[in-house]
Amino acid sequence: MHIYLPIAGESVNAIVIIALGFVVGVLSGMFGIGGGFLTTPLLIFYGIPPTVAVASATTQITGASVSGAMVHMRRGGVDLKMAGVMTVGGLFGSIVGAAVFRMLQTSGQIDVVISFLYVLILGWIGVIMLKDALIALGVVTTTTAGKEPPRHNRWVASLPLRWRFYSSGLYLSPVAPLAIGFGAGVLTVLLGIGGGFIIVPAMIYLLGMPARIVIGTSLAMVLAVSAATTMVHALTTRSVDIVLAALLLVGGVIGAQYGAILALRIKPDMLRLALAIVILLVGFRMLLGLAWQPDEIFSIEYL
Amino acid sequence: MRARRASALIAIAAPLLVAAEKPTLVPDISARQVQIRYSFSGAQLLLFGAIAYPDGRPPSRPPDIAVVLRGPVQPILVREKQKIAGVWMNADSSRFRSAPSFYAVASSRPIAELVDERAASIYELGIHNLQLSPGGGSLPEKERHFEAGLLDLRSRAGLYVEDPHGVEITDGILYRTVITIPSQVPVGTYTAETFLIDRGRVVAAATRDIQIDKTGIERDVWLASRRHRFLYGLACITLSLGLGWIAAAGFRRRG
């Protein structure tokens, strides 16, 4: 069943896009990730123009994070003050990101930068997840030293102007979460990813936030930033395809339900191993795309 | 119905044509408007018509027909990737001020057999005779290199098409050809030119316009994203929040 995408300006097979949204939805339901880092490259492989893929994937992230954020909200697992500070950083990040996006677009290097950042990020997450999964499955054993890591990062603790974050039980400078939010905002615009997998470790290791509150706060922040980024894309690049986003969302919404059910039934470590392999494969494919001679040497840009 | 109209046209035009010395063309197209809807996956246009001879009868050696369908011209920038430090990235680029977004030529015999190079380039017959107006300042070899890249890219995308035996002529009078328009063509006014070619010379030409438009929801969505950017963005956000909320509600019921 072919459907014409008004912004992308081409026909796609609606079933394929819904299936893609479904697969990513299953993953996001199982692991609590936005899944943007898989949606965007897969859309690009399918032949959607990279700018449209990035902008429309952002819309999907908003939808994917709503249900998760609501669940955590009810349980009181969201530090609203922290999420607010990070969102402010994220908004500035998305505005700066949009400017960088324009700059790279006019110089013709946007595709290379998108691919390059994806290779780095997918490689990084893939290796971390693979390691975690192998340790959990008992394939690899670790020698964890009994040394307790410091509660606060030294750099974060030295920042001036400290605020109190009651829900997280932290007393630290808002500059650190602002900076983390800023980085996530830039990545959201450039890569069409929510950045949850970067924010979560940053909040745990850099800010020392308690784990029970990290996921909810990250989801709330990703929700706000991805919604704002959708608006930034609508206003500047004008490449949000609402039909594409709707197809992805429909698949994603249904997929997330099955994902949540599956997560209860299947051994999670095996799933994590599978996801790690998928992520590494996507990253490897992108790396090949950079290093091997591409199918098309020439490309056309409309002036 | 259309065929009847075409023959009616010939009947009306015939007395006028008798006075003329050269044959003329009476062209028509299966659709004057192509509408891009949600299920648009390309369109097939039937371009047909009749050759009206001054004496009403085809000569012993009937002339040839070439039909050109072209889309609106666009200024474009063609970029070329090169391997720099082990990574393939855009290195060089060249501008073309008037590249047609779509170009198809169908003829009753290969273009090279119909006209000489000069006539082919005057009438822009054949994809290698397109006037692309490369941006000045660059070397001719570089321009040719990028032009070849552009033609190759668009030929394989089905946007630049040559069909050397695409025109069928019946009894030296009626001609017809089918041109396929792929789904990724831009909207705008397309022109269909028909050339009557006799002994290497273009003896008659006729032009018809075709409108290709987005219609219905597709058009509204596209216009909204251009004219009401803020509201469009708001609609996208509302959609994602709404579907996400429905999912969350579904979770609660199941869980």
# chains A, B, ... in the order shown; residues from 1 in each chain; ligands from 1

call {"tool": "select_by_dssp", "arguments": {"residues": "stretch 174-209 of chain B", "states": "strand (DSSP E or B)", "output": "PDB file with N, CA and C atoms, in the first residue's frame"}}
result
ATOM      1  N   LEU B 174      -2.001   9.178 -37.698  1.00  0.00           N
ATOM      2  CA  LEU B 174      -2.217   9.192 -36.252  1.00  0.00           C
ATOM      3  C   LEU B 174      -0.952   8.743 -35.542  1.00  0.00           C
ATOM      4  N   TYR B 175      -0.615   9.477 -34.490  1.00  0.00           N
ATOM      5  CA  TYR B 175       0.547   9.064 -33.699  1.00  0.00           C
ATOM      6  C   TYR B 175       0.149   8.982 -32.242  1.00  0.00           C
ATOM      7  N   ARG B 176       0.872   8.154 -31.495  1.00  0.00           N
ATOM      8  CA  ARG B 176       0.607   8.044 -30.063  1.00  0.00           C
ATOM      9  C   ARG B 176       1.869   7.575 -29.344  1.00  0.00           C
ATOM     10  N   THR B 177       1.996   8.040 -28.084  1.00  0.00           N
ATOM     11  CA  THR B 177       3.101   7.574 -27.248  1.00  0.00           C
ATOM     12  C   THR B 177       2.663   7.643 -25.797  1.00  0.00           C
ATOM     13  N   VAL B 178       3.269   6.795 -24.973  1.00  0.00           N
ATOM     14  CA  VAL B 178       2.950   6.801 -23.545  1.00  0.00           C
ATOM     15  C   VAL B 178       4.202   7.209 -22.779  1.00  0.00           C
ATOM     16  N   ILE B 179       4.056   8.227 -21.907  1.00  0.00           N
ATOM     17  CA  ILE B 179       5.183   8.673 -21.084  1.00  0.00           C
ATOM     18  C   ILE B 179       4.815   8.468 -19.620  1.00  0.00           C
ATOM     19  N   THR B 180       5.739   7.841 -18.879  1.00  0.00           N
ATOM     20  CA  THR B 180       5.493   7.553 -17.464  1.00  0.00           C
ATOM     21  C   THR B 180       6.152   8.622 -16.604  1.00  0.00           C
ATOM     22  N   ILE B 181       5.357   9.178 -15.698  1.00  0.00           N
ATOM     23  CA  ILE B 181       5.884  10.184 -14.775  1.00  0.00           C
ATOM     24  C   ILE B 181       6.055   9.524 -13.418  1.00  0.00           C
ATOM     25  N   GLY B 188       3.873  21.662 -10.816  1.00  0.00           N
ATOM     26  CA  GLY B 188       4.073  22.816 -11.671  1.00  0.00           C
ATOM     27  C   GLY B 188       3.480  22.598 -13.045  1.00  0.00           C
ATOM     28  N   THR B 189       3.832  23.514 -13.945  1.00  0.00           N
ATOM     29  CA  THR B 189       3.332  23.427 -15.306  1.00  0.00           C
ATOM     30  C   THR B 189       4.326  22.654 -16.156  1.00  0.00           C
ATOM     31  N   TYR B 190       3.877  21.573 -16.752  1.00  0.00           N
ATOM     32  CA  TYR B 190       4.702  20.776 -17.648  1.00  0.00           C
ATOM     33  C   TYR B 190       4.291  21.117 -19.076  1.00  0.00           C
ATOM     34  N   THR B 191       5.247  21.053 -19.992  1.00  0.00           N
ATOM     35  CA  THR B 191       4.881  21.307 -21.374  1.00  0.00           C
ATOM     36  C   THR B 191       5.158  20.066 -22.206  1.00  0.00           C
ATOM     37  N   ALA B 192       4.198  19.787 -23.076  1.00  0.00           N
ATOM     38  CA  ALA B 192       4.364  18.679 -24.017  1.00  0.00           C
ATOM     39  C   ALA B 192       4.546  19.294 -25.394  1.00  0.00           C
ATOM     40  N   GLU B 193       5.732  19.071 -25.996  1.00  0.00           N
ATOM     41  CA  GLU B 193       6.000  19.601 -27.333  1.00  0.00           C
ATOM     42  C   GLU B 193       6.023  18.440 -28.311  1.00  0.00           C
ATOM     43  N   THR B 194       5.355  18.642 -29.418  1.00  0.00           N
ATOM     44  CA  THR B 194       5.377  17.620 -30.459  1.00  0.00           C
ATOM     45  C   THR B 194       6.054  18.216 -31.690  1.00  0.00           C
ATOM     46  N   PHE B 195       7.017  17.496 -32.230  1.00  0.00           N
ATOM     47  CA  PHE B 195       7.746  17.966 -33.409  1.00  0.00           C
ATOM     48  C   PHE B 195       7.482  17.029 -34.575  1.00  0.00           C
ATOM     49  N   LEU B 196       7.156  17.621 -35.700  1.00  0.00           N
ATOM     50  CA  LEU B 196       7.015  16.848 -36.925  1.00  0.00           C
ATOM     51  C   LEU B 196       8.312  17.041 -37.709  1.00  0.00           C
ATOM     52  N   ILE B 197       9.000  15.927 -37.960  1.00  0.00           N
ATOM     53  CA  ILE B 197      10.327  16.019 -38.566  1.00  0.00           C
ATOM     54  C   ILE B 197      10.317  15.320 -39.921  1.00  0.00           C
ATOM     55  N   ASP B 198      10.733  16.069 -40.944  1.00  0.00           N
ATOM     56  CA  ASP B 198      10.770  15.492 -42.287  1.00  0.00           C
ATOM     57  C   ASP B 198      12.130  15.771 -42.902  1.00  0.00           C
ATOM     58  N   ARG B 201      14.570  18.028 -41.007  1.00  0.00           N
ATOM     59  CA  ARG B 201      14.142  19.366 -40.609  1.00  0.00           C
ATOM     60  C   ARG B 201      12.846  19.272 -39.796  1.00  0.00           C
ATOM     61  N   VAL B 202      12.739  20.180 -38.811  1.00  0.00           N
ATOM     62  CA  VAL B 202      11.502  20.266 -38.046  1.00  0.00           C
ATOM     63  C   VAL B 202      10.533  21.099 -38.855  1.00  0.00           C
ATOM     64  N   VAL B 203       9.450  20.483 -39.348  1.00  0.00           N
ATOM     65  CA  VAL B 203       8.538  21.205 -40.240  1.00  0.00           C
ATOM     66  C   VAL B 203       7.311  21.743 -39.509  1.00  0.00           C
ATOM     67  N   ALA B 204       6.998  21.175 -38.361  1.00  0.00           N
ATOM     68  CA  ALA B 204       5.871  21.688 -37.590  1.00  0.00           C
ATOM     69  C   ALA B 204       6.092  21.369 -36.129  1.00  0.00           C
ATOM     70  N   ALA B 205       5.548  22.216 -35.248  1.00  0.00           N
ATOM     71  CA  ALA B 205       5.677  21.981 -33.817  1.00  0.00           C
ATOM     72  C   ALA B 205       4.413  22.469 -33.133  1.00  0.00           C
ATOM     73  N   ALA B 206       4.064  21.810 -32.079  1.00  0.00           N
ATOM     74  CA  ALA B 206       2.883  22.223 -31.318  1.00  0.00           C
ATOM     75  C   ALA B 206       3.144  21.965 -29.846  1.00  0.00           C
ATOM     76  N   THR B 207       2.581  22.821 -28.998  1.00  0.00           N
ATOM     77  CA  THR B 207       2.837  22.740 -27.569  1.00  0.00           C
ATOM     78  C   THR B 207       1.523  22.680 -26.788  1.00  0.00           C
ATOM     79  N   ARG B 208       1.494  21.852 -25.789  1.00  0.00           N
ATOM     80  CA  ARG B 208       0.352  21.794 -24.872  1.00  0.00           C
ATOM     81  C   ARG B 208       0.880  21.833 -23.442  1.00  0.00           C
ATOM     82  N   ASP B 209       0.117  22.449 -22.550  1.00  0.00           N
ATOM     83  CA  ASP B 209       0.507  22.495 -21.145  1.00  0.00           C
ATOM     84  C   ASP B 209      -0.226  21.433 -20.334  1.00  0.00           C
TER      85      ASP B 209
END

call {"tool": "closest_atom_pairs", "arguments": {"of": "chain B", "to": "chain A", "cutoff": "8 Å", "atoms": "only C-alpha atoms", "output": "Markdown table"}}
result
| residue | atom | partner | partner_atom | distance |
| --- | --- | --- | --- | --- |
| B:Arg37 | CA | A:Tyr4 | CA | 7.0 |
| B:Tyr38 | CA | A:Tyr4 | CA | 4.7 |
| B:Ser39 | CA | A:Ile3 | CA | 4.9 |
| B:Phe40 | CA | A:Tyr4 | CA | 5.9 |
| B:Ser41 | CA | A:Ser11 | CA | 6.0 |
| B:Gln74 | CA | A:Tyr302 | CA | 7.3 |
| B:Pro75 | CA | A:Leu303 | CA | 5.7 |
| B:Ile76 | CA | A:Tyr302 | CA | 4.6 |
| B:Leu77 | CA | A:Glu301 | CA | 5.0 |
| B:Val78 | CA | A:Ile300 | CA | 4.6 |
| B:Arg79 | CA | A:Ser299 | CA | 5.2 |
| B:Glu80 | CA | A:Phe298 | CA | 4.6 |
| B:Lys81 | CA | A:Ile297 | CA | 5.1 |
| B:Gln82 | CA | A:Ile297 | CA | 7.6 |
| B:Lys83 | CA | A:Gln293 | CA | 7.9 |
| B:Gly86 | CA | A:Ala291 | CA | 6.0 |
| B:Val87 | CA | A:Ala291 | CA | 5.1 |
| B:Trp88 | CA | A:Leu290 | CA | 5.5 |
| B:Met89 | CA | A:Val112 | CA | 6.2 |
| B:Asn90 | CA | A:Gly108 | CA | 6.3 |
| B:Gly149 | CA | A:Phe298 | CA | 6.0 |
| B:Leu150 | CA | A:Phe298 | CA | 7.1 |
| B:Leu153 | CA | A:Phe298 | CA | 7.3 |
| B:Ser183 | CA | A:Glu10 | CA | 5.9 |
| B:Gln184 | CA | A:Glu10 | CA | 4.8 |
| B:Val185 | CA | A:Gly9 | CA | 7.9 |
| B:Pro186 | CA | A:Gly9 | CA | 7.7 |
| B:Glu218 | CA | A:Pro6 | CA | 5.3 |
| B:Arg219 | CA | A:Pro6 | CA | 7.3 |
| B:Val221 | CA | A:Pro6 | CA | 6.7 |
| B:Trp222 | CA | A:Pro6 | CA | 5.7 |
| B:Ser225 | CA | A:Arg238 | CA | 6.5 |
| B:Arg226 | CA | A:Arg238 | CA | 7.1 |
| B:Arg229 | CA | A:Leu235 | CA | 5.4 |
| B:Phe230 | CA | A:Leu235 | CA | 6.4 |
| B:Tyr232 | CA | A:Ala234 | CA | 7.0 |
| B:Gly233 | CA | A:Met231 | CA | 4.8 |
| B:Leu234 | CA | A:Met231 | CA | 6.9 |
| B:Cys236 | CA | A:Ile242 | CA | 6.1 |
| B:Ile237 | CA | A:Ala227 | CA | 5.8 |
| B:Leu239 | CA | A:Ala246 | CA | 7.5 |
| B:Ser240 | CA | A:Gly63 | CA | 4.4 |
| B:Leu241 | CA | A:Gly63 | CA | 5.3 |
| B:Gly242 | CA | A:Gly63 | CA | 7.6 |
| B:Leu243 | CA | A:Gly63 | CA | 6.3 |
| B:Gly244 | CA | A:Gly63 | CA | 4.3 |
| B:Trp245 | CA | A:Ser67 | CA | 6.0 |
| B:Ala247 | CA | A:Val253 | CA | 5.5 |
| B:Ala248 | CA | A:Ser67 | CA | 4.4 |
| B:Gly250 | CA | A:Gln257 | CA | 7.7 |
| B:Phe251 | CA | A:Gln257 | CA | 6.4 |

call {"tool": "closest_residue", "arguments": {"among": "A:Pro41, A:Gly29, A:Pro174, A:Gly84", "to": "A:Leu122", "atoms": "only C-alpha atoms"}}
result
A:Pro41

call {"tool": "select_by_dssp", "arguments": {"residues": "stretch 28-220 of chain B", "states": "helix (DSSP H, G or I)", "output": "PyMOL selection string"}}
result
chain B and resi 111-114+117-122+127-129+140-156+216-220

call {"tool": "write_last_selection", "arguments": {"atoms": "N, CA and C atoms", "output": "JSON list (two decimals), in the first residue's frame"}}
result
[["chain", "number", "residue", "atom", "x", "y", "z"],
["B", 111, "ILE", "N", 16.73, 9.68, -32.23],
["B", 111, "ILE", "CA", 16.92, 11.10, -32.51],
["B", 111, "ILE", "C", 18.05, 11.33, -33.52],
["B", 112, "ALA", "N", 19.15, 10.58, -33.33],
["B", 112, "ALA", "CA", 20.33, 10.77, -34.18],
["B", 112, "ALA", "C", 20.01, 10.51, -35.65],
["B", 113, "GLU", "N", 19.01, 9.64, -35.92],
["B", 113, "GLU", "CA", 18.63, 9.36, -37.32],
["B", 113, "GLU", "C", 17.67, 10.43, -37.85],
["B", 114, "LEU", "N", 17.04, 11.17, -36.95],
["B", 114, "LEU", "CA", 16.00, 12.13, -37.38],
["B", 114, "LEU", "C", 16.57, 13.49, -37.74],
["B", 117, "GLU", "N", 22.98, 17.30, -35.33],
["B", 117, "GLU", "CA", 23.28, 17.76, -33.98],
["B", 117, "GLU", "C", 22.80, 19.17, -33.72],
["B", 118, "ARG", "N", 22.91, 20.00, -34.76],
["B", 118, "ARG", "CA", 22.55, 21.41, -34.58],
["B", 118, "ARG", "C", 21.06, 21.54, -34.26],
["B", 119, "ALA", "N", 20.24, 20.89, -35.07],
["B", 119, "ALA", "CA", 18.79, 20.95, -34.85],
["B", 119, "ALA", "C", 18.44, 20.32, -33.50],
["B", 120, "ALA", "N", 19.11, 19.21, -33.16],
["B", 120, "ALA", "CA", 18.83, 18.55, -31.89],
["B", 120, "ALA", "C", 19.10, 19.48, -30.72],
["B", 121, "SER", "N", 20.17, 20.28, -30.82],
["B", 121, "SER", "CA", 20.47, 21.15, -29.70],
["B", 121, "SER", "C", 19.56, 22.38, -29.69],
["B", 122, "ILE", "N", 19.11, 22.83, -30.88],
["B", 122, "ILE", "CA", 18.17, 23.97, -30.91],
["B", 122, "ILE", "C", 16.85, 23.59, -30.25],
["B", 127, "ILE", "N", 18.51, 13.81, -24.11],
["B", 127, "ILE", "CA", 18.96, 14.33, -22.82],
["B", 127, "ILE", "C", 20.35, 14.95, -22.90],
["B", 128, "HIS", "N", 21.13, 14.59, -23.93],
["B", 128, "HIS", "CA", 22.47, 15.17, -24.02],
["B", 128, "HIS", "C", 22.44, 16.53, -24.70],
["B", 129, "ASN", "N", 21.25, 16.95, -25.13],
["B", 129, "ASN", "CA", 21.14, 18.26, -25.77],
["B", 129, "ASN", "C", 20.39, 19.26, -24.90],
["B", 140, "PRO", "N", 35.41, 24.09, -18.67],
["B", 140, "PRO", "CA", 34.48, 23.28, -19.46],
["B", 140, "PRO", "C", 34.53, 21.79, -19.12],
["B", 141, "GLU", "N", 35.75, 21.28, -18.83],
["B", 141, "GLU", "CA", 35.83, 19.84, -18.51],
["B", 141, "GLU", "C", 35.06, 19.55, -17.24],
["B", 142, "LYS", "N", 35.19, 20.45, -16.25],
["B", 142, "LYS", "CA", 34.50, 20.26, -14.97],
["B", 142, "LYS", "C", 33.00, 20.30, -15.19],
["B", 143, "GLU", "N", 32.56, 21.26, -16.01],
["B", 143, "GLU", "CA", 31.13, 21.36, -16.30],
["B", 143, "GLU", "C", 30.61, 20.09, -16.95],
["B", 144, "ARG", "N", 31.37, 19.57, -17.91],
["B", 144, "ARG", "CA", 30.94, 18.34, -18.59],
["B", 144, "ARG", "C", 30.88, 17.17, -17.62],
["B", 145, "HIS", "N", 31.88, 17.13, -16.72],
["B", 145, "HIS", "CA", 31.96, 16.06, -15.73],
["B", 145, "HIS", "C", 30.71, 16.07, -14.85],
["B", 146, "PHE", "N", 30.33, 17.25, -14.36],
["B", 146, "PHE", "CA", 29.17, 17.35, -13.49],
["B", 146, "PHE", "C", 27.88, 17.14, -14.26],
["B", 147, "GLU", "N", 27.87, 17.59, -15.52],
["B", 147, "GLU", "CA", 26.67, 17.40, -16.34],
["B", 147, "GLU", "C", 26.42, 15.90, -16.54],
["B", 148, "ALA", "N", 27.51, 15.17, -16.81],
["B", 148, "ALA", "CA", 27.38, 13.72, -17.00],
["B", 148, "ALA", "C", 26.84, 13.07, -15.73],
["B", 149, "GLY", "N", 27.33, 13.53, -14.58],
["B", 149, "GLY", "CA", 26.86, 13.00, -13.31],
["B", 149, "GLY", "C", 25.39, 13.26, -13.09],
["B", 150, "LEU", "N", 24.97, 14.48, -13.41],
["B", 150, "LEU", "CA", 23.56, 14.87, -13.24],
["B", 150, "LEU", "C", 22.66, 14.04, -14.16],
["B", 151, "LEU", "N", 23.07, 13.91, -15.44],
["B", 151, "LEU", "CA", 22.25, 13.17, -16.41],
["B", 151, "LEU", "C", 22.13, 11.70, -16.00],
["B", 152, "ASP", "N", 23.25, 11.14, -15.52],
["B", 152, "ASP", "CA", 23.26, 9.74, -15.12],
["B", 152, "ASP", "C", 22.33, 9.52, -13.93],
["B", 153, "LEU", "N", 22.44, 10.41, -12.94],
["B", 153, "LEU", "CA", 21.63, 10.31, -11.72],
["B", 153, "LEU", "C", 20.15, 10.37, -12.06],
["B", 154, "ARG", "N", 19.78, 11.35, -12.89],
["B", 154, "ARG", "CA", 18.35, 11.54, -13.18],
["B", 154, "ARG", "C", 17.83, 10.51, -14.17],
["B", 155, "SER", "N", 18.69, 9.98, -15.02],
["B", 155, "SER", "CA", 18.25, 8.93, -15.94],
["B", 155, "SER", "C", 17.85, 7.70, -15.14],
["B", 156, "ARG", "N", 18.71, 7.35, -14.17],
["B", 156, "ARG", "CA", 18.44, 6.15, -13.40],
["B", 156, "ARG", "C", 17.25, 6.33, -12.48],
["B", 216, "GLY", "N", -6.06, 17.75, -2.62],
["B", 216, "GLY", "CA", -6.65, 17.17, -1.42],
["B", 216, "GLY", "C", -5.80, 17.44, -0.20],
["B", 217, "ILE", "N", -5.74, 16.43, 0.68],
["B", 217, "ILE", "CA", -5.06, 16.59, 1.96],
["B", 217, "ILE", "C", -3.57, 16.88, 1.74],
["B", 218, "GLU", "N", -2.96, 16.19, 0.74],
["B", 218, "GLU", "CA", -1.53, 16.34, 0.50],
["B", 218, "GLU", "C", -1.18, 17.81, 0.24],
["B", 219, "ARG", "N", -2.01, 18.45, -0.58],
["B", 219, "ARG", "CA", -1.78, 19.84, -0.91],
["B", 219, "ARG", "C", -1.95, 20.72, 0.33],
["B", 220, "ASP", "N", -3.01, 20.43, 1.10],
["B", 220, "ASP", "CA", -3.28, 21.23, 2.30],
["B", 220, "ASP", "C", -2.14, 21.10, 3.30]]

call {"tool": "closest_residue", "arguments": {"among": "B:Val187, B:Ile212, B:Ala106, B:Ala249", "to": "B:Ile65", "atoms": "only C-alpha atoms"}}
result
B:Ala106

call {"tool": "atom_distance", "arguments": {"atom1": "atom CA of A:Val16", "atom2": "atom CA of B:Leu231"}}
result
28.7 Å

call {"tool": "closest_residue", "arguments": {"among": "A:Ala19, A:Ile180, A:Val139, A:Val85", "to": "A:Leu247", "atoms": "only C-alpha atoms"}}
result
A:Ala19

call {"tool": "closest_residue", "arguments": {"among": "A:Ala14, A:Val282, A:Val200, A:Met221", "to": "A:Ile44", "atoms": "only C-alpha atoms"}}
result
A:Val282

call {"tool": "residues_around", "arguments": {"residues": "stretch 186-197 of chain A", "least_positions_apart": "6", "cutoff": "6 Å", "atoms": "only C-alpha atoms", "output": "PDB file with N, CA and C atoms, in the first residue's frame"}}
result
ATOM      1  N   GLY A  36      14.855   6.777  18.720  1.00  0.00           N
ATOM      2  CA  GLY A  36      15.161   7.670  17.598  1.00  0.00           C
ATOM      3  C   GLY A  36      16.464   7.303  16.921  1.00  0.00           C
ATOM      4  N   PHE A  37      17.408   6.772  17.706  1.00  0.00           N
ATOM      5  CA  PHE A  37      18.724   6.455  17.134  1.00  0.00           C
ATOM      6  C   PHE A  37      18.650   5.276  16.169  1.00  0.00           C
ATOM      7  N   VAL A  54      15.284  12.956   9.987  1.00  0.00           N
ATOM      8  CA  VAL A  54      15.658  13.479  11.307  1.00  0.00           C
ATOM      9  C   VAL A  54      14.477  14.216  11.940  1.00  0.00           C
ATOM     10  N   ALA A  57      11.493  11.809  12.809  1.00  0.00           N
ATOM     11  CA  ALA A  57      11.807  10.892  13.901  1.00  0.00           C
ATOM     12  C   ALA A  57      11.657  11.602  15.239  1.00  0.00           C
ATOM     13  N   THR A  58      11.973  12.907  15.244  1.00  0.00           N
ATOM     14  CA  THR A  58      11.840  13.688  16.475  1.00  0.00           C
ATOM     15  C   THR A  58      10.406  13.647  16.986  1.00  0.00           C
ATOM     16  N   GLY A  93      20.029  24.428  23.370  1.00  0.00           N
ATOM     17  CA  GLY A  93      20.760  23.457  22.543  1.00  0.00           C
ATOM     18  C   GLY A  93      20.097  23.253  21.208  1.00  0.00           C
ATOM     19  N   SER A  94      18.743  23.163  21.201  1.00  0.00           N
ATOM     20  CA  SER A  94      18.065  22.901  19.936  1.00  0.00           C
ATOM     21  C   SER A  94      18.147  24.108  19.010  1.00  0.00           C
ATOM     22  N   GLY A  97      21.643  24.018  17.790  1.00  0.00           N
ATOM     23  CA  GLY A  97      21.707  22.872  16.889  1.00  0.00           C
ATOM     24  C   GLY A  97      21.124  23.191  15.531  1.00  0.00           C
ATOM     25  N   VAL A 222      13.205  14.623  27.804  1.00  0.00           N
ATOM     26  CA  VAL A 222      13.212  14.234  26.390  1.00  0.00           C
ATOM     27  C   VAL A 222      11.882  14.628  25.743  1.00  0.00           C
TER      28      VAL A 222
END

call {"tool": "atom_distance", "arguments": {"atom1": "atom CA of B:Asp163", "atom2": "atom CA of B:Tyr103"}}
result
11.2 Å

call {"tool": "decode", "arguments": {"residues": "stretch 118-135 of chain B", "atoms": "C-alpha atoms", "output": "PDB file, in the first residue's frame"}}
result
ATOM      1  CA  ARG B 118      22.552  21.410 -34.579  1.00  0.00           C
ATOM      2  CA  ALA B 119      18.790  20.945 -34.847  1.00  0.00           C
ATOM      3  CA  ALA B 120      18.828  18.553 -31.886  1.00  0.00           C
ATOM      4  CA  SER B 121      20.474  21.152 -29.699  1.00  0.00           C
ATOM      5  CA  ILE B 122      18.171  23.969 -30.914  1.00  0.00           C
ATOM      6  CA  TYR B 123      15.044  21.989 -30.070  1.00  0.00           C
ATOM      7  CA  GLU B 124      16.700  20.265 -27.080  1.00  0.00           C
ATOM      8  CA  LEU B 125      15.960  16.817 -28.430  1.00  0.00           C
ATOM      9  CA  GLY B 126      17.648  14.122 -26.359  1.00  0.00           C
ATOM     10  CA  ILE B 127      18.961  14.334 -22.824  1.00  0.00           C
ATOM     11  CA  HIS B 128      22.469  15.172 -24.020  1.00  0.00           C
ATOM     12  CA  ASN B 129      21.138  18.259 -25.768  1.00  0.00           C
ATOM     13  CA  LEU B 130      19.518  19.866 -22.722  1.00  0.00           C
ATOM     14  CA  GLN B 131      20.454  23.469 -22.075  1.00  0.00           C
ATOM     15  CA  LEU B 132      21.307  23.255 -18.384  1.00  0.00           C
ATOM     16  CA  SER B 133      22.969  26.712 -18.121  1.00  0.00           C
ATOM     17  CA  PRO B 134      25.943  25.793 -15.938  1.00  0.00           C
ATOM     18  CA  GLY B 135      27.018  28.528 -13.557  1.00  0.00           C
TER      19      GLY B 135
END
